[in-house]
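Enquirer: Following this line is model.tsv, made up of TSV, C-alpha atoms:
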chain	number	residue	atom	x	y	z
E	1	MET	CA	-84.94	-26.22	97.72
E	2	ILE	CA	-87.31	-27.82	95.24
E	3	SER	CA	-85.49	-29.53	92.42
E	4	ARG	CA	-86.44	-28.88	88.84
E	5	MET	CA	-87.79	-32.43	88.66
E	6	MET	CA	-90.07	-31.80	91.63
E	7	GLN	CA	-91.25	-28.53	90.12
E	8	VAL	CA	-92.42	-30.38	87.02
E	9	VAL	CA	-93.95	-33.27	88.97
E	10	ASN	CA	-95.83	-30.85	91.23
E	11	THR	CA	-97.46	-29.23	88.22
E	12	THR	CA	-98.69	-32.52	86.76
E	13	ASP	CA	-101.38	-32.87	89.44
E	14	SER	CA	-101.34	-36.65	89.78
E	15	LEU	CA	-101.05	-37.27	86.06
E	16	TYR	CA	-98.25	-39.04	84.27
E	17	LEU	CA	-95.64	-36.69	82.79
E	18	THR	CA	-96.40	-35.76	79.23
E	19	PRO	CA	-93.72	-36.15	76.57
E	20	ALA	CA	-93.21	-32.38	76.69
E	21	GLN	CA	-92.67	-32.45	80.46
E	22	GLN	CA	-90.29	-35.40	80.18
E	23	LYS	CA	-88.34	-33.44	77.56
E	24	GLU	CA	-88.23	-30.41	79.84
E	25	VAL	CA	-86.65	-32.44	82.64
E	26	LEU	CA	-84.23	-34.22	80.28
E	27	ASP	CA	-83.17	-30.92	78.69
E	28	TYR	CA	-82.45	-29.52	82.13
E	29	GLY	CA	-80.40	-32.60	83.01
E	30	ARG	CA	-78.38	-32.26	79.81
E	31	SER	CA	-77.74	-28.59	80.57
E	32	LEU	CA	-76.13	-29.31	83.94
E	33	GLN	CA	-72.64	-29.85	82.53
E	34	ARG	CA	-72.78	-26.42	80.86
E	35	ARG	CA	-74.17	-24.85	84.03
E	36	PHE	CA	-71.44	-26.35	86.22
E	37	ALA	CA	-68.80	-25.18	83.73
E	38	ALA	CA	-70.17	-21.65	84.03
E	39	CYS	CA	-70.14	-21.95	87.81
E	40	ARG	CA	-66.45	-22.99	87.83
E	41	ALA	CA	-65.56	-20.20	85.40
E	42	VAL	CA	-67.11	-17.57	87.67
E	43	GLU	CA	-65.54	-19.06	90.78
E	44	ALA	CA	-62.09	-18.74	89.18
E	45	VAL	CA	-62.47	-14.98	88.62
E	46	GLU	CA	-64.60	-14.02	91.62
E	47	ASP	CA	-61.89	-12.09	93.51
E	48	ASP	CA	-60.96	-10.08	90.39
E	49	VAL	CA	-64.60	-9.42	89.57
E	50	VAL	CA	-65.48	-8.11	93.03
E	51	GLU	CA	-62.36	-5.93	93.19
E	52	ALA	CA	-62.96	-4.50	89.71
E	53	ALA	CA	-66.64	-3.93	90.42
E	54	LYS	CA	-65.82	-2.05	93.60
E	55	GLU	CA	-63.27	0.17	91.81
E	56	ALA	CA	-65.66	0.90	88.95
E	57	PHE	CA	-68.53	1.70	91.30
E	58	PHE	CA	-66.54	4.15	93.43
E	59	GLU	CA	-65.07	5.73	90.31
E	60	GLN	CA	-68.65	6.40	89.26
E	61	HIS	CA	-69.78	7.50	92.71
E	62	PRO	CA	-66.77	8.75	94.70
E	63	ASN	CA	-68.95	10.46	97.30
E	64	LEU	CA	-70.46	7.17	98.33
E	65	SER	CA	-67.25	6.13	100.05
E	66	ASP	CA	-69.09	7.46	103.12
E	67	ILE	CA	-71.02	4.20	102.99
E	68	THR	CA	-67.99	2.69	104.65
E	69	GLU	CA	-69.17	4.17	107.91
E	70	ASN	CA	-72.51	2.40	107.45
E	71	GLY	CA	-71.01	-0.97	106.74
E	72	TRP	CA	-69.34	-1.03	103.34
E	73	GLU	CA	-67.47	-4.13	104.42
E	74	ASN	CA	-70.84	-5.79	104.39
E	75	PHE	CA	-71.57	-4.34	100.98
E	76	GLU	CA	-68.37	-5.76	99.51
E	77	ASN	CA	-69.34	-9.09	101.01
E	78	ASP	CA	-72.81	-8.60	99.60
E	79	GLN	CA	-71.42	-8.10	96.14
E	80	ARG	CA	-69.61	-11.43	96.38
E	81	PHE	CA	-72.76	-13.00	97.80
E	82	ALA	CA	-74.89	-11.45	95.03
E	83	LEU	CA	-72.66	-13.06	92.43
E	84	ARG	CA	-72.85	-16.46	94.09
E	85	THR	CA	-76.63	-16.13	94.50
E	86	ALA	CA	-76.99	-15.45	90.77
E	87	ILE	CA	-74.90	-18.56	90.08
E	88	GLN	CA	-77.11	-20.64	92.37
E	89	SER	CA	-80.11	-19.23	90.56
E	90	MET	CA	-78.55	-20.42	87.30
E	91	LEU	CA	-77.83	-23.90	88.66
E	92	LEU	CA	-81.42	-24.19	89.86
E	93	ASP	CA	-82.75	-22.59	86.67
E	94	ASP	CA	-84.92	-20.45	88.95
E	95	LEU	CA	-85.09	-16.77	88.03
E	96	SER	CA	-86.80	-15.83	91.29
E	97	PHE	CA	-84.26	-17.51	93.57
E	98	ALA	CA	-81.72	-14.69	93.63
E	99	GLU	CA	-84.39	-12.04	94.15
E	100	GLN	CA	-85.88	-13.87	97.10
E	101	LYS	CA	-82.61	-15.02	98.56
E	102	HIS	CA	-80.78	-11.72	98.52
E	103	PHE	CA	-81.51	-8.98	96.00
E	104	ARG	CA	-84.84	-7.84	97.41
E	105	SER	CA	-83.57	-7.40	100.96
E	106	LEU	CA	-80.28	-5.91	99.73
E	107	ARG	CA	-82.06	-3.27	97.64
E	108	ARG	CA	-84.24	-2.50	100.64
E	109	ILE	CA	-81.19	-2.03	102.87
E	110	MET	CA	-79.62	0.29	100.28
E	111	SER	CA	-82.87	2.26	100.09
E	112	PHE	CA	-82.87	2.67	103.86
E	113	LEU	CA	-79.31	4.01	103.54
E	114	GLU	CA	-80.76	6.57	101.11
E	115	ILE	CA	-78.88	5.21	98.14
E	116	PRO	CA	-80.94	6.26	95.09
E	117	ALA	CA	-82.33	3.57	92.83
E	118	VAL	CA	-80.11	4.65	89.94
E	119	VAL	CA	-77.03	4.17	92.13
E	120	GLN	CA	-78.31	0.79	93.30
E	121	ASN	CA	-78.54	-0.20	89.66
E	122	ASP	CA	-74.96	0.98	89.12
E	123	TRP	CA	-73.87	-1.22	92.03
E	124	PHE	CA	-75.35	-4.27	90.35
E	125	SER	CA	-74.25	-3.17	86.87
E	126	SER	CA	-70.63	-2.75	87.94
E	127	LEU	CA	-70.67	-6.34	89.14
E	128	ARG	CA	-72.18	-7.61	85.90
E	129	THR	CA	-69.82	-5.61	83.69
E	130	ALA	CA	-66.77	-6.79	85.64
E	131	LEU	CA	-67.91	-10.39	85.31
E	132	GLU	CA	-68.74	-10.27	81.61
E	133	SER	CA	-65.30	-8.90	80.77
E	134	ARG	CA	-63.60	-11.80	82.51
E	135	VAL	CA	-65.43	-14.91	81.26
E	136	LYS	CA	-66.01	-16.42	77.84
E	137	SER	CA	-69.08	-15.52	75.82
E	138	GLU	CA	-70.64	-18.98	76.23
E	139	VAL	CA	-70.46	-18.52	80.03
E	140	THR	CA	-72.05	-15.09	79.70
E	141	ASP	CA	-74.78	-16.55	77.52
E	142	THR	CA	-75.55	-19.21	80.13
E	143	LEU	CA	-75.63	-16.63	82.91
E	144	ALA	CA	-77.48	-13.87	81.03
E	145	PRO	CA	-81.07	-14.59	82.14
E	146	TYR	CA	-79.95	-14.82	85.78
E	147	LEU	CA	-77.78	-11.69	85.60
E	148	ASP	CA	-80.86	-9.99	84.17
E	149	THR	CA	-82.31	-10.41	87.65
E	150	PHE	CA	-79.90	-7.63	88.59
E	151	GLN	CA	-82.89	-5.64	87.36
E	152	PRO	CA	-83.29	-1.90	87.64
E	153	ALA	CA	-85.07	-1.02	90.84
E	154	THR	CA	-88.70	-0.36	90.02
E	155	THR	CA	-89.37	1.77	93.07
E	156	THR	CA	-87.61	5.01	93.73
E	157	ALA	CA	-85.85	5.25	97.08
E	158	THR	CA	-87.16	8.22	99.01
E	159	ALA	CA	-85.08	10.31	101.35
E	160	ARG	CA	-85.96	9.78	105.00
C	1	MET	CA	-49.28	-19.61	101.84
C	2	ILE	CA	-51.16	-22.58	100.50
C	3	ALA	CA	-54.90	-22.06	100.63
C	4	THR	CA	-56.57	-24.72	102.72
C	5	ASN	CA	-60.08	-23.94	101.60
C	6	THR	CA	-61.42	-23.38	98.12
C	7	LEU	CA	-63.91	-20.66	97.47
C	8	ALA	CA	-66.59	-23.34	97.28
C	9	GLU	CA	-65.88	-24.37	100.86
C	10	VAL	CA	-65.90	-20.91	102.43
C	11	PRO	CA	-69.44	-19.77	103.10
C	12	ILE	CA	-70.30	-16.12	103.17
C	13	ARG	CA	-72.77	-14.92	105.74
C	14	GLY	CA	-75.64	-12.97	104.29
C	15	GLY	CA	-78.80	-13.08	102.30
C	16	ASN	CA	-82.38	-13.15	103.38
C	17	PHE	CA	-82.86	-15.45	106.39
C	18	TYR	CA	-86.56	-15.55	105.61
C	19	SER	CA	-86.25	-16.43	101.91
C	20	GLU	CA	-87.69	-19.56	100.33
C	21	GLY	CA	-86.86	-22.58	102.41
C	22	TYR	CA	-87.34	-20.74	105.70
C	23	CYS	CA	-89.88	-23.35	106.86
C	24	GLN	CA	-89.53	-27.09	106.54
C	25	THR	CA	-92.27	-29.49	107.60
C	26	ASP	CA	-91.57	-33.07	108.68
C	27	VAL	CA	-94.98	-34.50	107.85
C	28	LYS	CA	-94.16	-37.86	109.42
C	29	ARG	CA	-93.66	-36.21	112.78
C	30	GLY	CA	-96.10	-33.36	112.17
C	31	VAL	CA	-93.52	-30.72	113.01
C	32	THR	CA	-92.63	-27.52	111.19
C	33	ARG	CA	-89.30	-25.84	111.94
C	34	ASN	CA	-87.44	-22.88	110.52
C	35	ARG	CA	-83.98	-23.09	109.08
C	36	VAL	CA	-82.29	-22.96	112.51
C	37	GLY	CA	-84.64	-25.43	114.14
C	38	THR	CA	-87.18	-23.19	115.88
C	39	ARG	CA	-90.54	-24.91	115.90
C	40	LEU	CA	-93.34	-23.01	114.16
C	41	LEU	CA	-97.12	-23.44	114.10
C	42	CYS	CA	-99.65	-22.32	111.54
C	43	LEU	CA	-102.66	-20.69	113.14
C	44	THR	CA	-105.71	-20.41	110.96
C	45	THR	CA	-108.35	-17.70	110.92
C	46	ASP	CA	-110.85	-19.95	112.73
C	47	PHE	CA	-108.39	-20.34	115.61
C	48	LEU	CA	-107.76	-16.59	115.77
C	49	VAL	CA	-111.50	-15.84	115.69
C	50	GLY	CA	-112.15	-18.34	118.47
C	51	PHE	CA	-109.17	-17.14	120.50
C	52	ARG	CA	-110.21	-13.50	120.23
C	53	ARG	CA	-113.83	-14.18	121.11
C	54	ALA	CA	-112.88	-16.41	124.05
C	55	ILE	CA	-110.65	-13.70	125.53
C	56	GLN	CA	-113.35	-11.09	125.03
C	57	GLU	CA	-116.03	-13.28	126.62
C	58	GLU	CA	-113.85	-14.31	129.54
C	59	THR	CA	-112.32	-10.92	130.33
C	60	GLY	CA	-114.92	-8.46	129.09
C	61	PRO	CA	-113.74	-4.82	129.18
C	62	ALA	CA	-110.24	-5.97	130.13
C	63	ALA	CA	-109.79	-7.85	126.85
C	64	ASP	CA	-107.61	-5.19	125.22
C	65	THR	CA	-105.37	-5.09	128.28
C	66	VAL	CA	-105.10	-8.87	128.27
C	67	PHE	CA	-104.24	-8.92	124.56
C	68	LYS	CA	-101.65	-6.20	125.02
C	69	THR	CA	-100.05	-7.96	127.98
C	70	CYS	CA	-99.93	-11.23	126.03
C	71	GLY	CA	-98.47	-9.36	123.08
C	72	ARG	CA	-95.81	-7.71	125.22
C	73	LYS	CA	-94.63	-11.02	126.64
C	74	TRP	CA	-94.73	-12.56	123.18
C	75	GLY	CA	-92.73	-9.62	121.81
C	76	GLY	CA	-90.02	-10.18	124.40
C	77	PHE	CA	-89.65	-13.81	123.34
C	78	VAL	CA	-89.73	-12.84	119.66
C	79	ALA	CA	-86.93	-10.34	120.28
C	80	LYS	CA	-84.80	-12.98	121.96
C	81	ARG	CA	-85.35	-15.42	119.09
C	82	PHE	CA	-84.79	-12.70	116.48
C	83	ASP	CA	-81.49	-11.83	118.13
C	84	GLN	CA	-80.33	-15.46	118.35
C	85	GLU	CA	-81.39	-16.34	114.81
C	86	MET	CA	-79.91	-13.24	113.20
C	87	THR	CA	-76.66	-13.66	115.14
C	88	GLU	CA	-76.39	-17.31	114.13
C	89	PHE	CA	-77.30	-16.67	110.50
C	90	THR	CA	-75.26	-13.55	109.82
C	91	GLY	CA	-72.40	-14.02	112.26
C	92	THR	CA	-73.11	-10.52	113.57
C	93	ALA	CA	-74.88	-9.71	116.82
C	94	LEU	CA	-78.21	-7.97	116.30
C	95	ARG	CA	-77.00	-4.99	118.34
C	96	ASP	CA	-74.19	-4.53	115.78
C	97	PHE	CA	-76.56	-4.42	112.82
C	98	THR	CA	-76.96	-1.14	111.00
C	99	LEU	CA	-80.45	0.27	111.38
C	100	ALA	CA	-81.00	-0.44	107.68
C	101	GLN	CA	-80.16	-4.12	108.13
C	102	PHE	CA	-82.32	-4.34	111.25
C	103	GLN	CA	-85.31	-2.80	109.47
C	104	SER	CA	-84.93	-5.06	106.45
C	105	HIS	CA	-84.80	-8.26	108.48
C	106	LEU	CA	-87.67	-7.06	110.68
C	107	ILE	CA	-89.83	-6.49	107.60
C	108	ASP	CA	-89.04	-9.96	106.29
C	109	MET	CA	-89.67	-11.57	109.71
C	110	PHE	CA	-93.13	-10.00	109.98
C	111	ALA	CA	-94.01	-10.88	106.39
C	112	GLU	CA	-92.80	-14.49	106.57
C	113	HIS	CA	-94.71	-15.15	109.80
C	114	GLY	CA	-97.89	-13.64	108.40
C	115	TRP	CA	-97.99	-10.76	110.88
C	116	GLY	CA	-98.43	-8.21	108.10
C	117	LYS	CA	-96.27	-5.87	106.04
C	118	ILE	CA	-94.52	-3.56	108.48
C	119	GLU	CA	-93.03	-0.16	107.74
C	120	LEU	CA	-91.13	2.03	110.19
C	121	ASP	CA	-91.40	5.80	109.95
C	122	LEU	CA	-88.35	7.19	111.69
C	123	THR	CA	-88.86	10.84	110.71
C	124	ARG	CA	-89.72	11.72	114.32
C	125	HIS	CA	-87.04	9.57	115.86
C	126	ASN	CA	-85.15	12.61	117.15
C	127	GLN	CA	-88.37	13.54	118.97
C	128	GLY	CA	-88.49	10.14	120.64
C	129	LEU	CA	-91.32	8.74	118.55
C	130	VAL	CA	-91.45	5.98	115.97
C	131	VAL	CA	-94.55	5.54	113.84
C	132	ILE	CA	-95.18	2.01	112.63
C	133	HIS	CA	-97.55	1.13	109.79
C	134	ILE	CA	-98.73	-2.42	109.26
C	135	ASP	CA	-100.67	-3.54	106.22
C	136	GLU	CA	-102.65	-6.76	106.67
C	137	PRO	CA	-102.24	-6.95	110.48
C	138	ILE	CA	-103.29	-10.02	112.42
C	139	PHE	CA	-106.90	-9.34	113.44
C	140	ALA	CA	-108.30	-6.68	111.13
C	141	GLY	CA	-108.96	-9.11	108.29
C	142	PHE	CA	-111.71	-10.96	110.13
C	143	VAL	CA	-112.89	-8.64	112.92
C	144	GLY	CA	-115.15	-6.57	110.74
C	145	LYS	CA	-116.05	-2.98	111.47
C	146	SER	CA	-115.12	-1.56	114.84
C	147	ASP	CA	-115.37	1.83	116.52
C	148	LYS	CA	-112.00	1.38	118.23
C	149	PRO	CA	-108.65	-0.17	117.26
C	150	VAL	CA	-108.54	-3.95	117.38
C	151	GLU	CA	-104.82	-4.75	117.16
C	152	SER	CA	-103.94	-4.56	120.86
C	153	LEU	CA	-102.09	-7.89	120.58
C	154	THR	CA	-99.86	-6.40	117.89
C	155	ALA	CA	-99.40	-3.19	119.88
C	156	GLY	CA	-98.13	-5.33	122.75
C	157	LEU	CA	-95.94	-7.34	120.39
C	158	LEU	CA	-94.30	-4.19	119.05
C	159	ALA	CA	-93.80	-2.74	122.53
C	160	GLY	CA	-92.29	-5.97	123.88
C	161	LEU	CA	-90.11	-6.58	120.85
C	162	PHE	CA	-88.62	-3.10	120.58
C	163	ALA	CA	-88.26	-2.75	124.36
C	164	ALA	CA	-86.21	-5.95	124.45
C	165	VAL	CA	-84.12	-5.12	121.38
C	166	PHE	CA	-83.29	-1.56	122.44
C	167	GLU	CA	-83.35	-2.27	126.20
C	168	GLN	CA	-85.67	0.65	126.94
C	169	ASP	CA	-89.01	0.91	128.73
C	170	LEU	CA	-91.16	1.32	125.62
C	171	ASP	CA	-94.87	1.28	124.99
C	172	CYS	CA	-96.94	1.23	121.83
C	173	TYR	CA	-100.45	2.39	121.00
C	174	GLN	CA	-102.51	1.75	117.91
C	175	THR	CA	-103.84	5.05	116.59
C	176	GLN	CA	-105.29	3.98	113.24
C	177	CYS	CA	-107.06	0.74	112.39
C	178	LYS	CA	-108.34	-0.91	109.23
C	179	ALA	CA	-111.42	-2.06	111.13
C	180	CYS	CA	-112.14	1.62	111.85
C	181	GLY	CA	-111.92	2.48	108.17
C	182	HIS	CA	-108.28	3.57	107.89
C	183	LYS	CA	-106.01	2.42	105.11
C	184	ASN	CA	-103.83	0.30	107.38
C	185	ALA	CA	-102.91	-0.14	111.05
C	186	THR	CA	-100.77	2.63	112.52
C	187	PHE	CA	-98.98	2.57	115.85
C	188	ILE	CA	-96.95	5.04	117.87
C	189	LEU	CA	-93.94	3.65	119.72
C	190	GLY	CA	-92.12	5.58	122.42
C	191	LEU	CA	-91.00	5.66	126.01
C	192	THR	CA	-93.73	4.46	128.36
C	193	SER	CA	-93.57	7.66	130.38
C	194	ARG	CA	-93.88	9.70	127.17
C	195	LEU	CA	-96.95	7.83	125.94
C	196	ALA	CA	-98.76	7.76	129.29
C	197	GLY	CA	-101.42	10.21	128.09
C	198	VAL	CA	-102.18	8.57	124.73
C	199	SER	CA	-105.03	6.44	126.04
C	200	ALA	CA	-106.83	9.52	127.33
C	201	LEU	CA	-106.29	11.30	124.03
C	202	GLN	CA	-107.79	8.33	122.20
C	203	ASP	CA	-110.79	8.30	124.55
C	204	ALA	CA	-111.25	11.98	123.75
C	205	GLY	CA	-111.53	11.05	120.08
C	206	LYS	CA	-108.21	12.53	118.93
C	207	SER	CA	-106.92	11.41	115.54
C	208	HIS	CA	-103.47	9.94	114.92
C	209	GLU	CA	-102.12	13.28	113.70
C	210	GLN	CA	-103.59	15.11	116.69
C	211	ILE	CA	-102.08	12.62	119.11
C	212	LEU	CA	-98.68	12.97	117.44
C	213	LYS	CA	-98.91	16.74	117.60
C	214	GLU	CA	-99.80	16.64	121.31
C	215	LEU	CA	-96.88	14.32	122.03
C	216	ILE	CA	-94.43	16.49	120.11
C	217	ASN	CA	-95.74	19.72	121.67
C	218	ALA	CA	-95.43	18.21	125.14
C	219	LEU	CA	-91.66	18.11	124.59
C	220	VAL	CA	-91.41	21.81	123.79
Written as structure tokens, how would this file's structure read?
Expert:
Amino acid sequence: MISRMMQVVNTTDSLYLTPAQQKEVLDYGRSLQRRFAACRAVEAVEDDVVEAAKEAFFEQHPNLSDITENGWENFENDQRFALRTAIQSMLLDDLSFAEQKHFRSLRRIMSFLEIPAVVQNDWFSSLRTALESRVKSEVTDTLAPYLDTFQPATTTATAR
Amino acid sequence: MIATNTLAEVPIRGGNFYSEGYCQTDVKRGVTRNRVGTRLLCLTTDFLVGFRRAIQEETGPAADTVFKTCGRKWGGFVAKRFDQEMTEFTGTALRDFTLAQFQSHLIDMFAEHGWGKIELDLTRHNQGLVVIHIDEPIFAGFVGKSDKPVESLTAGLLAGLFAAVFEQDLDCYQTQCKACGHKNATFILGLTSRLAGVSALQDAGKSHEQILKELINALV
């Protein structure tokens, strides 16, 4: 895990940090209190969020309860893990972290299970909607760019 | 009941084992290891070129057989490591993975190790055949043009890996090759007894589709 400081230093290519780069690192440092507050707020509601997301998703797609035979227990775990990965992404201020850590492989697994892309999006959306209704707006604002990484799938899952 | 662990202390198993941070190099000791401690080495193109040429010069016409045998043994070890690492990371034995999970982790393993972008075509699985496509396979990038497939090491790797994972006597033949002008490398995986005639079909100049058709028709 490369810290934000190291990311900036690595881009300077043996030069001293410019005032703009110093500001970037200081701004990130100052934002940590807000980021940790958002993290604690999500942690407090995680159980409710995952339960509500699951209910909303199956209300939307009742026929997909068959997924249980293919490992829904893992999916429910994955939804909790997806939330935590997005939070870690926010703490690191790294938009690609969640995609690399989890979302890309998770979407691939769902595609292999022949879950259409639009339904995959609903899976992520149900999680986001459940979260946003349970935390304050300032927490949502902090999380927004990282929840945006719950992006619509850009490739269409094909039936195998 | 009073909770003894907070949510922050209870890890959840999951995620992409091969995501960023998979490799860590201790430059003081000159050692690279993956996230569970397996030692890794980076092999450059010049090594692979020299290795391939040395095997070809030393073994002549038997080079493909040597590569395939090496690959098969390698595949067996890869399967063992894959099983151990996945079990340790996910808390689930590899044999208990869904096929979807297995495929996903396999794709990431190949990609992260630089063995190419692998894709499994399971549409003929009920006929006992799996077609495997690999984009950017190990040798094709530097071999240049060839009149026969060049990825015998990878064919052996696939045979050894899948044979160990599924505990079956499996073999694998490359039927399309980038060095021969195809879009990517294509392999057919199946029972050894089932694929016994593939080599002869290839020598007779049969295409991938023709070989598949012959194999499927032989079942009927």
Enquirer: Need the shell around Thr69 in chain C: protein/DNA/RNA residues with any atom at most 12 Å away, counting only C-alpha atoms. Skip same-chain ones fewer than 4 positions apart. Format as a PyMOL selection string?
Expert: chain C and resi 62-65+73-76+152-160+171-172
Enquirer: Using C-alpha atoms, can you export the residues from the last selection as an mmCIF file, in the coordinates of the input?
Expert:
data_model
loop_
_atom_site.group_PDB
_atom_site.id
_atom_site.type_symbol
_atom_site.label_atom_id
_atom_site.label_comp_id
_atom_site.auth_asym_id
_atom_site.auth_seq_id
_atom_site.Cartn_x
_atom_site.Cartn_y
_atom_site.Cartn_z
ATOM 1 C CA ALA C 62 -110.240 -5.970 130.130
ATOM 2 C CA ALA C 63 -109.790 -7.850 126.850
ATOM 3 C CA ASP C 64 -107.610 -5.190 125.220
ATOM 4 C CA THR C 65 -105.370 -5.090 128.280
ATOM 5 C CA LYS C 73 -94.630 -11.020 126.640
ATOM 6 C CA TRP C 74 -94.730 -12.560 123.180
ATOM 7 C CA GLY C 75 -92.730 -9.620 121.810
ATOM 8 C CA GLY C 76 -90.020 -10.180 124.400
ATOM 9 C CA SER C 152 -103.940 -4.560 120.860
ATOM 10 C CA LEU C 153 -102.090 -7.890 120.580
ATOM 11 C CA THR C 154 -99.860 -6.400 117.890
ATOM 12 C CA ALA C 155 -99.400 -3.190 119.880
ATOM 13 C CA GLY C 156 -98.130 -5.330 122.750
ATOM 14 C CA LEU C 157 -95.940 -7.340 120.390
ATOM 15 C CA LEU C 158 -94.300 -4.190 119.050
ATOM 16 C CA ALA C 159 -93.800 -2.740 122.530
ATOM 17 C CA GLY C 160 -92.290 -5.970 123.880
ATOM 18 C CA ASP C 171 -94.870 1.280 124.990
ATOM 19 C CA CYS C 172 -96.940 1.230 121.830
#
Enquirer: Which protein, DNA or RNA residues are at most 8 Å from (-80.7, -15.7, 89.7) in the file's coordinates when you count only C-alpha atoms, listed as a PyMOL selection string?
Expert: chain E and resi 85-90+93-99+145-149
Enquirer: Determine the nearest neighbour of chain C from the options E:Leu64, E:Val25, E:Ile115, E:Ala20, counting all atoms listed in the file.
Expert: E:Ile115
Enquirer: Select from chain E every residue with an atom at most 10 Å from any atom of chain C, then for each give the shortest pair of atoms and their distance in Å to one decimal, using only C-alpha atoms, rows by chain and rising number, as a Markdown table.
Expert:
| residue | atom | partner | partner_atom | distance |
| --- | --- | --- | --- | --- |
| E:Met1 | CA | C:Gly21 | CA | 6.2 |
| E:Ile2 | CA | C:Gly21 | CA | 8.9 |
| E:Arg40 | CA | C:Ala8 | CA | 9.5 |
| E:Glu43 | CA | C:Leu7 | CA | 7.1 |
| E:Ala44 | CA | C:Leu7 | CA | 8.7 |
| E:Glu46 | CA | C:Leu7 | CA | 8.9 |
| E:Asp47 | CA | C:Leu7 | CA | 9.7 |
| E:Glu69 | CA | C:Thr98 | CA | 9.9 |
| E:Asn70 | CA | C:Thr98 | CA | 6.7 |
| E:Gly71 | CA | C:Thr98 | CA | 7.3 |
| E:Asn74 | CA | C:Gly14 | CA | 8.6 |
| E:Asn77 | CA | C:Ile12 | CA | 7.4 |
| E:Asp78 | CA | C:Gly14 | CA | 7.0 |
| E:Arg80 | CA | C:Ile12 | CA | 8.3 |
| E:Phe81 | CA | C:Ile12 | CA | 6.7 |
| E:Ala82 | CA | C:Gly15 | CA | 8.4 |
| E:Arg84 | CA | C:Ile12 | CA | 9.4 |
| E:Thr85 | CA | C:Gly15 | CA | 8.7 |
| E:Ser96 | CA | C:Glu20 | CA | 9.8 |
| E:Phe97 | CA | C:Glu20 | CA | 7.9 |
| E:Ala98 | CA | C:Gly15 | CA | 9.3 |
| E:Glu99 | CA | C:Ser19 | CA | 9.1 |
| E:Gln100 | CA | C:Ser19 | CA | 5.5 |
| E:Lys101 | CA | C:Ser19 | CA | 5.1 |
| E:His102 | CA | C:Gly15 | CA | 4.5 |
| E:Phe103 | CA | C:Gly15 | CA | 8.0 |
| E:Arg104 | CA | C:Asn16 | CA | 8.4 |
| E:Ser105 | CA | C:Ser104 | CA | 6.1 |
| E:Leu106 | CA | C:Gly15 | CA | 7.8 |
| E:Arg107 | CA | C:Ser104 | CA | 9.4 |
| E:Arg108 | CA | C:Ser104 | CA | 6.4 |
| E:Ile109 | CA | C:Ala100 | CA | 5.1 |
| E:Met110 | CA | C:Ala100 | CA | 7.6 |
| E:Ser111 | CA | C:Ala100 | CA | 8.3 |
| E:Phe112 | CA | C:Ala100 | CA | 5.3 |
| E:Leu113 | CA | C:Ala100 | CA | 6.3 |
| E:Glu114 | CA | C:Ala100 | CA | 9.6 |
| E:Arg160 | CA | C:Thr123 | CA | 6.5 |
Enquirer: Calculated over all atoms listed in the file, which of the candidates C:Ala179, C:Leu48, C:Leu170, C:Ala164 has the smallest distance to Glu136 in chain C?
Expert: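 Smallest distance to Glu136 in chain C is found for C:Ala179.
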Enquirer: Could you tell me which of C:Gly190, C:Gly116, C:Gly181, C:Gly205 comes closest to Asp169 in chain C if we count all atoms listed in the file?
Expert: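 Checking each candidate against Asp169 in chain C, we get C:Gly190 as the closest.
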Enquirer: What does the structure give for the distance between CA of Gly141 in chain C and CA of Gly60 in chain C, in Å to one decimal?
Expert: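 About the pair CA of Gly141 in chain C and CA of Gly60 in chain C: they are 21.6 Å apart.
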Enquirer: With the input short on atoms, add N, CA and C atoms back to range 167-175 of chain C and write it as a PDB file, in the frame of the given file.
Expert:
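Full text of out_12.pdb as output:
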ATOM      1  N   GLU C 167     -83.559  -2.314 124.747  1.00  0.00           N
ATOM      2  CA  GLU C 167     -83.350  -2.270 126.200  1.00  0.00           C
ATOM      3  C   GLU C 167     -83.824  -0.943 126.786  1.00  0.00           C
ATOM      4  N   GLN C 168     -85.049  -0.573 126.424  1.00  0.00           N
ATOM      5  CA  GLN C 168     -85.670   0.650 126.940  1.00  0.00           C
ATOM      6  C   GLN C 168     -87.079   0.283 127.405  1.00  0.00           C
ATOM      7  N   ASP C 169     -87.635   1.102 128.293  1.00  0.00           N
ATOM      8  CA  ASP C 169     -89.010   0.910 128.730  1.00  0.00           C
ATOM      9  C   ASP C 169     -89.926   1.567 127.693  1.00  0.00           C
ATOM     10  N   LEU C 170     -90.395   0.790 126.736  1.00  0.00           N
ATOM     11  CA  LEU C 170     -91.160   1.320 125.620  1.00  0.00           C
ATOM     12  C   LEU C 170     -92.608   0.855 125.676  1.00  0.00           C
ATOM     13  N   ASP C 171     -93.480   1.654 125.124  1.00  0.00           N
ATOM     14  CA  ASP C 171     -94.870   1.280 124.990  1.00  0.00           C
ATOM     15  C   ASP C 171     -95.311   1.604 123.567  1.00  0.00           C
ATOM     16  N   CYS C 172     -96.463   1.061 123.202  1.00  0.00           N
ATOM     17  CA  CYS C 172     -96.940   1.230 121.830  1.00  0.00           C
ATOM     18  C   CYS C 172     -98.458   1.284 121.830  1.00  0.00           C
ATOM     19  N   TYR C 173     -99.010   2.247 121.098  1.00  0.00           N
ATOM     20  CA  TYR C 173    -100.450   2.390 121.000  1.00  0.00           C
ATOM     21  C   TYR C 173    -100.862   2.384 119.534  1.00  0.00           C
ATOM     22  N   GLN C 174    -101.985   1.708 119.266  1.00  0.00           N
ATOM     23  CA  GLN C 174    -102.510   1.750 117.910  1.00  0.00           C
ATOM     24  C   GLN C 174    -103.385   2.992 117.774  1.00  0.00           C
ATOM     25  N   THR C 175    -103.119   3.794 116.762  1.00  0.00           N
ATOM     26  CA  THR C 175    -103.840   5.050 116.590  1.00  0.00           C
ATOM     27  C   THR C 175    -104.683   5.095 115.316  1.00  0.00           C
TER      28      THR C 175
END
